[in-house]
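Heads up, target-v5.cif below (mmCIF, C-alpha atoms):
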data_protein
loop_
_atom_site.label_atom_id
_atom_site.label_comp_id
_atom_site.auth_asym_id
_atom_site.auth_seq_id
_atom_site.Cartn_x
_atom_site.Cartn_y
_atom_site.Cartn_z
CA MET A 1 5.29 13.96 -55.32
CA LYS A 2 1.79 13.51 -53.84
CA LYS A 3 2.61 9.88 -53.09
CA THR A 4 5.84 10.85 -51.29
CA LEU A 5 4.07 13.55 -49.29
CA SER A 6 1.34 11.08 -48.25
CA VAL A 7 3.93 8.54 -47.11
CA ILE A 8 5.76 11.22 -45.08
CA VAL A 9 2.53 12.42 -43.43
CA ILE A 10 1.44 8.87 -42.60
CA SER A 11 4.92 8.03 -41.28
CA ALA A 12 4.90 11.13 -39.10
CA PHE A 13 1.44 10.27 -37.76
CA VAL A 14 2.52 6.70 -36.90
CA ALA A 15 5.67 7.99 -35.19
CA VAL A 16 3.72 10.49 -33.07
CA ALA A 17 1.02 7.96 -32.20
CA SER A 18 3.53 5.28 -31.18
CA THR A 19 5.43 7.82 -29.04
CA ALA A 20 2.20 8.85 -27.32
CA ILE A 21 1.29 5.24 -26.63
CA ALA A 22 4.78 4.44 -25.35
CA SER A 23 4.81 7.44 -23.01
CA SER A 24 1.38 6.58 -21.57
CA THR A 25 2.36 2.98 -20.83
CA PRO A 26 3.74 2.61 -17.30
CA SER A 27 7.37 1.59 -17.19
CA LYS A 28 6.81 -0.66 -14.14
CA PRO A 29 3.92 -3.06 -13.72
CA VAL A 30 1.43 -2.10 -11.03
CA THR A 31 1.32 -4.64 -8.23
CA GLU A 32 -0.92 -5.22 -5.27
CA GLU A 33 2.03 -5.61 -2.92
CA PRO A 34 1.66 -2.27 -1.06
CA GLN A 35 -1.95 -3.04 -0.16
CA THR A 36 -0.97 -6.55 0.92
CA THR A 37 1.82 -5.14 3.08
CA ILE A 38 -0.55 -2.67 4.73
CA GLN A 39 -3.16 -5.36 5.28
CA THR A 40 -0.55 -7.67 6.80
CA SER A 41 0.64 -4.90 9.13
CA ILE A 42 -2.90 -4.26 10.34
CA GLU A 43 -3.45 -7.98 10.88
CA LYS A 44 -0.31 -8.07 13.05
CA LEU A 45 -1.80 -5.34 15.25
CA GLN A 46 -5.05 -7.22 15.79
CA GLN A 47 -5.72 -9.00 19.04
CA SER A 48 -8.47 -11.40 20.09
CA PHE A 49 -10.59 -11.13 23.22
CA SER A 50 -13.55 -12.94 24.73
CA GLY A 51 -16.10 -11.64 27.17
CA LEU A 52 -19.56 -10.25 27.74
CA VAL A 53 -20.88 -7.28 25.74
CA LYS A 54 -22.71 -4.71 27.85
CA LYS A 55 -24.40 -1.41 27.04
CA THR A 56 -23.43 1.58 29.20
CA ASP A 57 -24.17 5.32 29.17
CA THR A 58 -20.94 5.87 27.21
CA GLY A 59 -21.46 3.05 24.70
CA LEU A 60 -20.81 -0.66 24.39
CA ILE A 61 -18.12 -2.38 26.43
CA LEU A 62 -16.59 -5.83 26.45
CA GLU A 63 -16.02 -7.18 29.95
CA THR A 64 -13.13 -9.64 30.00
CA ARG A 65 -11.14 -11.33 32.77
CA ASP A 66 -8.45 -8.68 32.22
CA GLY A 67 -10.76 -5.66 32.37
CA ALA A 68 -13.29 -3.70 30.34
CA TYR A 69 -12.80 -2.36 26.81
CA MET A 70 -14.91 0.16 24.91
CA LEU A 71 -16.09 -1.27 21.57
CA LYS A 72 -16.03 0.73 18.32
CA GLY A 73 -16.41 -0.24 14.69
CA LEU A 74 -18.93 -2.83 13.65
CA SER A 75 -22.62 -2.52 14.46
CA LEU A 76 -22.63 -4.54 17.67
CA GLU A 77 -26.02 -3.68 19.17
CA GLU A 78 -27.39 -7.14 18.34
CA ILE A 79 -24.84 -8.90 20.56
CA VAL A 80 -25.45 -6.91 23.75
CA GLY A 81 -25.77 -9.32 26.69
CA LYS A 82 -23.99 -12.15 24.86
CA GLU A 83 -20.64 -13.84 25.35
CA VAL A 84 -18.49 -13.16 22.29
CA PHE A 85 -15.09 -13.58 20.67
CA VAL A 86 -13.87 -10.22 19.35
CA THR A 87 -10.93 -9.45 17.06
CA GLY A 88 -9.68 -5.92 16.59
CA VAL A 89 -7.04 -3.30 17.17
CA VAL A 90 -6.66 -1.86 20.68
CA LYS A 91 -6.05 1.83 21.25
CA SER A 92 -5.28 3.15 24.72
CA GLU A 93 -5.88 6.78 25.66
CA ASN A 94 -6.87 8.64 28.79
CA ASP A 95 -6.67 5.46 30.92
CA ALA A 96 -9.28 3.77 28.70
CA ASN A 97 -8.81 0.95 26.21
CA THR A 98 -10.89 0.82 23.05
CA ILE A 99 -11.12 -2.15 20.70
CA TYR A 100 -11.77 -1.17 17.09
CA VAL A 101 -13.62 -4.34 16.13
CA VAL A 102 -13.07 -6.02 12.78
CA LYS A 103 -14.77 -9.29 13.67
CA ALA A 104 -17.18 -10.46 16.36
CA ASP A 105 -18.55 -13.97 16.87
CA VAL A 106 -21.09 -15.05 19.47
CA LYS A 107 -19.94 -17.96 21.63
CA GLU A 108 -22.06 -21.05 21.08
#

Take the structure from the file and write it as structure tokens.
Amino acid sequence: MKKTLSVIVISAFVAVASTAIASSTPSKPVTEEPQTTIQTSIEKLQQSFSGLVKKTDTGLILETRDGAYMLKGLSLEEIVGKEVFVTGVVKSENDANTIYVVKADVKE
């Protein structure tokens, strides 16, 4: 009788434990695809510009052949007065264009 009771208790424990493990295991594998899709979408929005970085009362600007753009994002103080290639996302508001910089390289 004790042996039968022990087997029943152990069997019940194994059944409960395996159910708990099965319910905590995700049914679908987690993938990195959503992040890749978001990253790809942001990359599609990026544009490249070249010009001279200047410091103004309102902040840093990039003067290009097509006009001036406010610069936001990276710490760009060290490239003031230099010709650069800039990559970023442009946002237009209130008749001003701002480049949110993700990459800046000084022209050699």

Worksheet item: Which value, in Å to one decimal, gives the distance between atom CA of Gly81 of chain A and atom CA of Lys55 of chain A?
Response: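 Those two atoms sit 8.0 Å apart.
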
Worksheet entry | Residue nearest Ser50 of chain A among A:Asp105, A:Thr64, A:Lys91, A:Lys72 (counting all atoms listed in the file) |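 Closest residue, counting all atoms listed in the file: A:Thr64.
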
Worksheet item: Distance atom CA of Ser48 of chain A-atom CA of Leu62 of chain A, one decimal place?
Response: 11.7 Å

Worksheet item: With only C-alpha atoms as the atoms that count, which of A:Val86, A:Val102, A:Met70, A:Ile79 lies nearest to Thr56 of chain A?
Response: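 Under the stated criterion, the closest residue is A:Met70.
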
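Here atom CA of Phe49 of chain A stands at a distance of 5.7 Å from atom CA of Phe85 of chain A.
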
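The residue that comes closest to Gly51 of chain A, out of A:Val84, A:Ala68, A:Ala104, A:Leu76 and on the basis of all atoms listed in the file, is A:Val84.
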
Fill in: Shortest interatomic distance to Thr58 of chain A - which of A:Glu78, A:Ile99, A:Leu71, A:Thr37, counting only C-alpha atoms
A:Leu71
